[in-house]
file start11.csv (CSV, C-alpha atoms)
chain,number,residue,atom,x,y,z
A,1,MET,CA,151.7,132.0,116.1
A,2,ILE,CA,151.7,128.2,116.1
A,3,ARG,CA,147.9,128.2,116.4
A,4,ASN,CA,147.4,130.5,113.4
A,5,THR,CA,149.8,128.3,111.4
A,6,LEU,CA,147.8,125.2,112.3
A,7,LEU,CA,144.5,126.9,111.3
A,8,ALA,CA,146.0,128.0,108.0
A,9,LEU,CA,147.3,124.4,107.3
A,10,LEU,CA,143.9,123.0,108.2
A,11,ALA,CA,142.1,125.4,105.9
A,12,LEU,CA,144.6,124.5,103.1
A,13,ALA,CA,144.1,120.8,103.7
A,14,LEU,CA,140.3,121.1,103.5
A,15,ALA,CA,140.5,123.2,100.4
A,16,GLY,CA,142.9,120.7,98.8
A,17,CYS,CA,140.8,117.7,99.5
A,18,GLY,CA,137.7,119.2,97.7
A,19,PHE,CA,135.6,119.6,100.8
A,20,HIS,CA,132.9,122.2,100.5
A,21,LEU,CA,129.6,122.9,102.2
A,22,ARG,CA,126.5,121.6,100.5
A,23,ASP,CA,124.5,124.1,98.6
A,24,LYS,CA,120.8,124.5,99.4
A,25,LEU,CA,118.3,122.2,97.7
A,26,ALA,CA,118.0,122.9,93.9
A,27,LEU,CA,114.7,122.5,92.2
A,28,PRO,CA,114.1,123.6,88.6
A,29,GLU,CA,113.3,127.3,88.3
A,30,ASP,CA,109.9,126.7,86.9
A,31,THR,CA,108.9,124.3,89.6
A,32,PRO,CA,105.6,125.3,91.3
A,33,PRO,CA,105.0,124.7,95.0
A,34,VAL,CA,105.4,121.1,96.1
A,35,HIS,CA,102.7,118.9,97.6
A,36,VAL,CA,104.0,116.0,99.7
A,37,VAL,CA,101.6,113.0,99.6
A,38,SER,CA,101.8,109.9,101.6
A,39,THR,CA,99.8,106.7,101.8
A,40,THR,CA,100.3,106.8,105.6
A,41,PRO,CA,98.0,109.2,107.3
A,42,PHE,CA,99.7,111.7,109.7
A,43,SER,CA,103.1,110.6,108.5
A,44,GLU,CA,105.9,112.2,110.5
A,45,LEU,CA,108.1,111.8,107.4
A,46,VAL,CA,105.7,114.1,105.4
A,47,THR,CA,105.9,116.7,108.1
A,48,THR,CA,109.7,116.5,108.1
A,49,LEU,CA,109.9,116.7,104.3
A,50,GLU,CA,107.5,119.7,104.2
A,51,ARG,CA,109.6,121.5,106.8
A,52,ASN,CA,112.9,120.7,105.0
A,53,LEU,CA,111.4,121.9,101.6
A,54,HIS,CA,110.2,125.1,103.2
A,55,ASN,CA,113.6,125.7,104.9
A,56,ALA,CA,115.3,125.2,101.5
A,57,GLY,CA,113.2,127.9,100.0
A,58,ALA,CA,110.8,125.7,98.0
A,59,GLY,CA,107.1,126.5,98.1
A,60,VAL,CA,105.0,123.9,100.0
A,61,VAL,CA,101.3,123.3,99.5
A,62,THR,CA,99.3,121.5,102.1
A,63,ARG,CA,96.3,119.3,101.5
A,64,GLU,CA,93.9,122.0,102.8
A,65,GLN,CA,95.4,124.6,100.4
A,66,LEU,CA,95.1,122.2,97.5
A,67,GLN,CA,91.4,121.4,98.4
A,68,ALA,CA,90.7,125.1,98.5
A,69,ASP,CA,92.2,125.6,95.0
A,70,PRO,CA,92.1,122.3,93.1
A,71,THR,CA,93.2,123.8,89.8
A,72,ARG,CA,96.5,125.0,91.3
A,73,ALA,CA,99.6,123.7,89.6
A,74,VAL,CA,101.7,121.8,92.0
A,75,ALA,CA,104.6,119.4,91.9
A,76,ARG,CA,104.1,116.1,93.8
A,77,LEU,CA,106.4,114.3,96.0
A,78,ASP,CA,104.7,110.9,96.5
A,79,ILE,CA,105.8,108.8,99.5
A,80,LEU,CA,104.4,105.5,98.3
A,81,SER,CA,105.4,103.3,101.2
A,82,GLU,CA,107.1,103.5,104.6
A,83,ARG,CA,108.2,100.4,106.3
A,84,TRP,CA,109.8,99.8,109.7
A,85,GLY,CA,111.4,96.6,111.0
A,86,ASP,CA,113.5,95.3,113.9
A,87,LEU,CA,115.9,92.5,113.0
A,88,PRO,CA,117.8,90.7,115.8
A,89,ILE,CA,121.5,90.6,114.9
A,90,ALA,CA,123.0,89.1,118.1
A,91,ILE,CA,121.8,86.6,120.7
A,92,ASP,CA,123.0,85.6,124.1
A,93,ALA,CA,123.8,82.1,125.4
A,94,HIS,CA,120.1,81.6,126.2
A,95,GLY,CA,119.0,82.4,122.7
A,96,ARG,CA,117.6,85.8,123.6
A,97,ALA,CA,118.1,88.7,121.2
A,98,GLN,CA,120.6,91.3,122.6
A,99,GLU,CA,121.3,93.5,119.6
A,100,PHE,CA,118.9,94.7,117.0
A,101,SER,CA,119.0,96.5,113.6
A,102,LEU,CA,116.3,99.1,113.2
A,103,ARG,CA,115.4,99.3,109.5
A,104,TYR,CA,113.5,102.0,107.8
A,105,ALA,CA,112.6,102.0,104.1
A,106,ALA,CA,110.6,104.4,102.0
A,107,ILE,CA,109.6,104.3,98.3
A,108,PHE,CA,109.1,107.7,96.7
A,109,SER,CA,108.8,109.5,93.3
A,110,PHE,CA,108.7,113.1,92.3
A,111,ARG,CA,106.6,114.6,89.5
A,112,LEU,CA,106.5,118.1,88.2
A,113,ALA,CA,103.1,119.9,87.7
A,114,ASP,CA,102.8,118.8,84.1
A,115,GLY,CA,103.1,115.1,85.1
A,116,THR,CA,106.7,114.8,84.1
A,117,GLU,CA,108.4,112.2,86.3
A,118,LEU,CA,111.5,114.0,87.5
A,119,VAL,CA,112.6,111.3,89.9
A,120,PRO,CA,111.3,107.9,89.1
A,121,GLN,CA,110.0,105.6,91.8
A,122,GLN,CA,112.9,104.4,94.0
A,123,VAL,CA,113.6,103.0,97.4
A,124,VAL,CA,115.7,104.5,100.2
A,125,GLU,CA,116.6,102.1,103.0
A,126,LEU,CA,118.4,103.1,106.2
A,127,SER,CA,119.3,101.2,109.3
A,128,ARG,CA,120.8,101.7,112.8
A,129,ASP,CA,121.9,99.1,115.3
A,130,TYR,CA,121.1,99.2,119.0
A,131,VAL,CA,121.7,97.1,122.0
A,132,SER,CA,118.8,95.8,124.1
A,133,PRO,CA,120.0,93.4,126.8
A,134,PRO,CA,117.1,91.1,127.8
A,135,GLU,CA,117.9,91.3,131.6
A,136,ASP,CA,118.0,95.1,131.6
A,137,ALA,CA,115.5,96.6,129.2
A,138,THR,CA,115.4,100.0,131.0
A,139,GLY,CA,115.7,102.8,128.4
A,140,THR,CA,115.5,100.5,125.4
A,141,SER,CA,112.2,101.9,124.1
A,142,THR,CA,113.5,105.4,124.5
A,143,GLU,CA,116.7,104.6,122.6
A,144,ARG,CA,114.6,103.0,119.9
A,145,GLU,CA,112.4,106.1,119.6
A,146,ILE,CA,115.5,108.4,119.4
A,147,LEU,CA,116.9,106.2,116.6
A,148,ALA,CA,113.5,106.3,114.8
A,149,ASP,CA,113.5,110.1,114.9
A,150,GLU,CA,117.0,110.2,113.7
A,151,LEU,CA,116.2,107.8,110.8
A,152,ARG,CA,113.2,109.9,109.8
A,153,ARG,CA,115.3,113.1,109.6
A,154,GLU,CA,118.0,111.2,107.6
A,155,MET,CA,115.3,109.7,105.3
A,156,ALA,CA,113.9,113.2,104.5
A,157,ALA,CA,117.4,114.5,103.9
A,158,SER,CA,118.2,111.5,101.7
A,159,ILE,CA,115.0,111.9,99.6
A,160,LEU,CA,115.7,115.6,99.1
A,161,ARG,CA,119.4,114.9,98.2
A,162,ARG,CA,118.2,112.5,95.5
A,163,ILE,CA,115.8,115.1,94.0
A,164,ASP,CA,118.6,117.7,94.2
A,165,GLY,CA,121.0,115.4,92.5
A,166,VAL,CA,118.7,114.8,89.6
A,167,VAL,CA,118.0,118.5,89.2
A,168,ARG,CA,121.7,119.4,89.3
A,169,THR,CA,122.6,116.7,86.8
A,170,ARG,CA,119.9,117.8,84.4
A,171,ALA,CA,121.0,121.5,84.7
A,172,ALA,CA,124.7,120.6,84.2
A,173,SER,CA,124.2,118.5,81.1
A,174,PRO,CA,121.7,119.9,78.6
A,175,ALA,CA,122.3,116.9,76.4
A,176,VAL,CA,120.4,114.7,78.9
A,177,PRO,CA,116.8,114.4,77.5
A,178,ARG,CA,114.0,115.5,79.7
A,179,PRO,CA,111.7,112.7,80.8
A,180,GLU,CA,108.4,112.4,79.0
A,181,PRO,CA,105.2,113.4,80.8
A,182,ALA,CA,103.4,110.4,82.3
A,183,ALA,CA,100.3,109.2,80.5
A,184,THR,CA,97.1,109.9,82.3
A,185,PRO,CA,94.6,107.1,82.6
call {"tool": "encode", "arguments": {"input": "start11.csv", "output": "structure tokens"}}
result
Amino acid sequence: MIRNTLLALLALALAGCGFHLRDKLALPEDTPPVHVVSTTPFSELVTTLERNLHNAGAGVVTREQLQADPTRAVARLDILSERWGDLPIAIDAHGRAQEFSLRYAAIFSFRLADGTELVPQQVVELSRDYVSPPEDATGTSTEREILADELRREMAASILRRIDGVVRTRAASPAVPRPEPAATP
């Protein structure tokens, strides 16, 4: 009886605070399949973004599919830059770095098939701290790789959330003007 009462109170508390599960990614209804392009060859971020877009129900076009049909209308998610960096944030008595901040930044933009810039160029930067004692470096590279994989997943999710936010904002307020198609050189 007490357990059921606690579960009911927990459910009411969550409902009262406004918590709700995130809906799946929203793209405009008329959005054609998305082609993810990166300046970095064999980018793991591109692979993660393509997988997340596919899982969200969006069509994804690979480079090979686009080469086979170059006239195909596709939206473009451009990953213009990816940067990694390690920044020492703590040193020991001998001046050796003990703690680092792993930083990951990406610049992206999203264009619809007609060239309309849906999400203008913007930067997403993420960081995670990790400890690397100089006298016992066992496992440090493995920990760094695990953090890098986690940051890649979070970067992909963050980029898609920003696209989703723009789409939902435009859908909710029809008074917001649509961006003009980009001029072609």
call {"tool": "atom_distance", "arguments": {"input": "start11.csv", "atom1": "CA of Arg128 (chain A)", "atom2": "CA of Glu150 (chain A)"}}
result
9.4 Å
call {"tool": "residues_around", "arguments": {"input": "start11.csv", "residues": "region 108-116 of chain A", "least_positions_apart": "3", "cutoff": "6 Å", "atoms": "only C-alpha atoms", "output": "list in words"}}
result
Ala73, Val74, Ala75, Arg76, Leu77, Asp78, Ile79, Leu80, Val119, Pro120, Gln121, Gln122, Glu180, Pro181 and Ala182 of chain A
call {"tool": "atom_distance", "arguments": {"input": "start11.csv", "atom1": "CA of Ala105 (chain A)", "atom2": "CA of Gly85 (chain A)"}}
result
8.8 Å
call {"tool": "atom_distance", "arguments": {"input": "start11.csv", "atom1": "CA of Ser141 (chain A)", "atom2": "CA of Glu154 (chain A)"}}
result
19.8 Å
call {"tool": "closest_residue", "arguments": {"input": "start11.csv", "among": "A:Glu82, A:Asp69, A:Glu99, A:Asp92", "to": "Thr39 (chain A)", "atoms": "all atoms listed in the file"}}
result
A:Glu82
call {"tool": "closest_residue", "arguments": {"input": "start11.csv", "among": "A:Gly165, A:Arg63, A:Ser101, A:Ala8", "to": "Asp86 (chain A)", "atoms": "all atoms listed in the file"}}
result
A:Ser101
call {"tool": "closest_residue", "arguments": {"input": "start11.csv", "among": "A:Leu87, A:Ile107, A:Pro41, A:His35", "to": "Glu64 (chain A)", "atoms": "only C-alpha atoms"}}
result
A:His35
call {"tool": "decode", "arguments": {"input": "start11.csv", "residues": "region 92-125 of chain A", "atoms": "N, CA, C and O atoms", "output": "short mmCIF file (atom, residue, chain, number, x, y, z; two decimals), in the first residue's frame"}}
result
data_model
loop_
_atom_site.label_atom_id
_atom_site.label_comp_id
_atom_site.auth_asym_id
_atom_site.auth_seq_id
_atom_site.Cartn_x
_atom_site.Cartn_y
_atom_site.Cartn_z
N ASP A 92 50.49 19.20 -10.55
CA ASP A 92 50.96 18.75 -9.24
C ASP A 92 52.10 19.65 -8.77
O ASP A 92 52.43 20.67 -9.41
N ALA A 93 52.73 19.30 -7.67
CA ALA A 93 53.80 20.12 -7.07
C ALA A 93 55.02 20.21 -7.97
O ALA A 93 55.82 21.14 -7.84
N HIS A 94 55.18 19.27 -8.90
CA HIS A 94 56.32 19.26 -9.81
C HIS A 94 56.01 19.93 -11.14
O HIS A 94 56.82 19.88 -12.06
N GLY A 95 54.83 20.53 -11.27
CA GLY A 95 54.45 21.23 -12.50
C GLY A 95 53.94 20.32 -13.59
O GLY A 95 53.82 20.75 -14.74
N ARG A 96 53.62 19.08 -13.27
CA ARG A 96 53.09 18.15 -14.27
C ARG A 96 51.57 18.19 -14.24
O ARG A 96 50.95 18.24 -13.18
N ALA A 97 50.99 18.15 -15.43
CA ALA A 97 49.53 18.18 -15.54
C ALA A 97 48.94 16.90 -14.95
O ALA A 97 49.41 15.81 -15.21
N GLN A 98 47.91 17.05 -14.12
CA GLN A 98 47.23 15.92 -13.51
C GLN A 98 45.80 15.77 -13.98
O GLN A 98 45.25 14.69 -13.97
N GLU A 99 45.18 16.87 -14.31
CA GLU A 99 43.79 16.85 -14.73
C GLU A 99 43.66 17.65 -16.01
O GLU A 99 44.28 18.70 -16.17
N PHE A 100 42.85 17.12 -16.94
CA PHE A 100 42.69 17.75 -18.24
C PHE A 100 41.22 17.99 -18.52
O PHE A 100 40.35 17.31 -17.98
N SER A 101 40.97 18.93 -19.42
CA SER A 101 39.64 19.16 -19.94
C SER A 101 39.68 18.81 -21.41
O SER A 101 40.42 19.42 -22.18
N LEU A 102 38.93 17.78 -21.80
CA LEU A 102 38.84 17.38 -23.20
C LEU A 102 37.74 18.21 -23.83
O LEU A 102 36.60 18.20 -23.38
N ARG A 103 38.09 18.96 -24.85
CA ARG A 103 37.14 19.87 -25.51
C ARG A 103 36.88 19.42 -26.93
O ARG A 103 37.79 18.99 -27.63
N TYR A 104 35.61 19.55 -27.34
CA TYR A 104 35.20 19.17 -28.68
C TYR A 104 34.26 20.25 -29.19
O TYR A 104 33.27 20.59 -28.54
N ALA A 105 34.60 20.82 -30.34
CA ALA A 105 33.77 21.87 -30.93
C ALA A 105 33.47 21.52 -32.38
O ALA A 105 34.31 20.96 -33.08
N ALA A 106 32.26 21.83 -32.80
CA ALA A 106 31.86 21.61 -34.19
C ALA A 106 31.08 22.83 -34.67
O ALA A 106 30.32 23.43 -33.91
N ILE A 107 31.30 23.17 -35.92
CA ILE A 107 30.56 24.25 -36.57
C ILE A 107 29.69 23.58 -37.63
O ILE A 107 30.18 22.75 -38.41
N PHE A 108 28.40 23.92 -37.65
CA PHE A 108 27.49 23.29 -38.59
C PHE A 108 26.46 24.28 -39.10
O PHE A 108 26.26 25.36 -38.54
N SER A 109 25.80 23.90 -40.19
CA SER A 109 24.64 24.63 -40.70
C SER A 109 23.73 23.62 -41.38
O SER A 109 24.17 22.52 -41.74
N PHE A 110 22.47 23.98 -41.53
CA PHE A 110 21.49 23.08 -42.15
C PHE A 110 20.72 23.84 -43.20
O PHE A 110 20.15 24.89 -42.92
N ARG A 111 20.72 23.31 -44.43
CA ARG A 111 20.01 23.93 -45.55
C ARG A 111 18.98 22.96 -46.11
O ARG A 111 19.24 21.77 -46.22
N LEU A 112 17.85 23.52 -46.50
CA LEU A 112 16.82 22.73 -47.16
C LEU A 112 17.22 22.53 -48.62
O LEU A 112 18.18 23.14 -49.11
N ALA A 113 16.49 21.71 -49.34
CA ALA A 113 16.83 21.37 -50.71
C ALA A 113 16.84 22.58 -51.64
O ALA A 113 17.62 22.64 -52.59
N ASP A 114 15.99 23.58 -51.37
CA ASP A 114 15.92 24.77 -52.22
C ASP A 114 17.00 25.79 -51.89
O ASP A 114 17.04 26.87 -52.45
N GLY A 115 17.88 25.46 -50.94
CA GLY A 115 18.96 26.38 -50.57
C GLY A 115 18.62 27.26 -49.38
O GLY A 115 19.47 28.03 -48.92
N THR A 116 17.40 27.18 -48.87
CA THR A 116 17.00 27.97 -47.71
C THR A 116 17.79 27.53 -46.50
O THR A 116 17.85 26.35 -46.18
N GLU A 117 18.40 28.48 -45.86
CA GLU A 117 19.19 28.17 -44.66
C GLU A 117 18.24 28.07 -43.47
O GLU A 117 17.75 29.07 -42.96
N LEU A 118 17.97 26.84 -43.04
CA LEU A 118 17.06 26.61 -41.92
C LEU A 118 17.74 26.92 -40.60
O LEU A 118 17.19 27.60 -39.74
N VAL A 119 18.96 26.42 -40.43
CA VAL A 119 19.76 26.70 -39.24
C VAL A 119 21.06 27.34 -39.71
O VAL A 119 21.87 26.70 -40.38
N PRO A 120 21.26 28.61 -39.39
CA PRO A 120 22.49 29.28 -39.84
C PRO A 120 23.72 28.68 -39.15
O PRO A 120 23.61 27.99 -38.14
N GLN A 121 24.85 28.99 -39.72
CA GLN A 121 26.11 28.48 -39.18
C GLN A 121 26.24 28.82 -37.71
O GLN A 121 26.04 29.96 -37.31
N GLN A 122 26.52 27.81 -36.89
CA GLN A 122 26.70 28.01 -35.46
C GLN A 122 27.67 26.99 -34.89
O GLN A 122 27.95 25.98 -35.52
N VAL A 123 28.14 27.28 -33.69
CA VAL A 123 29.14 26.46 -33.03
C VAL A 123 28.52 25.75 -31.83
O VAL A 123 27.76 26.35 -31.09
N VAL A 124 28.87 24.48 -31.67
CA VAL A 124 28.51 23.74 -30.46
C VAL A 124 29.83 23.30 -29.85
O VAL A 124 30.69 22.75 -30.54
N GLU A 125 30.01 23.60 -28.58
CA GLU A 125 31.24 23.21 -27.89
C GLU A 125 30.88 22.43 -26.63
O GLU A 125 30.03 22.84 -25.86
#
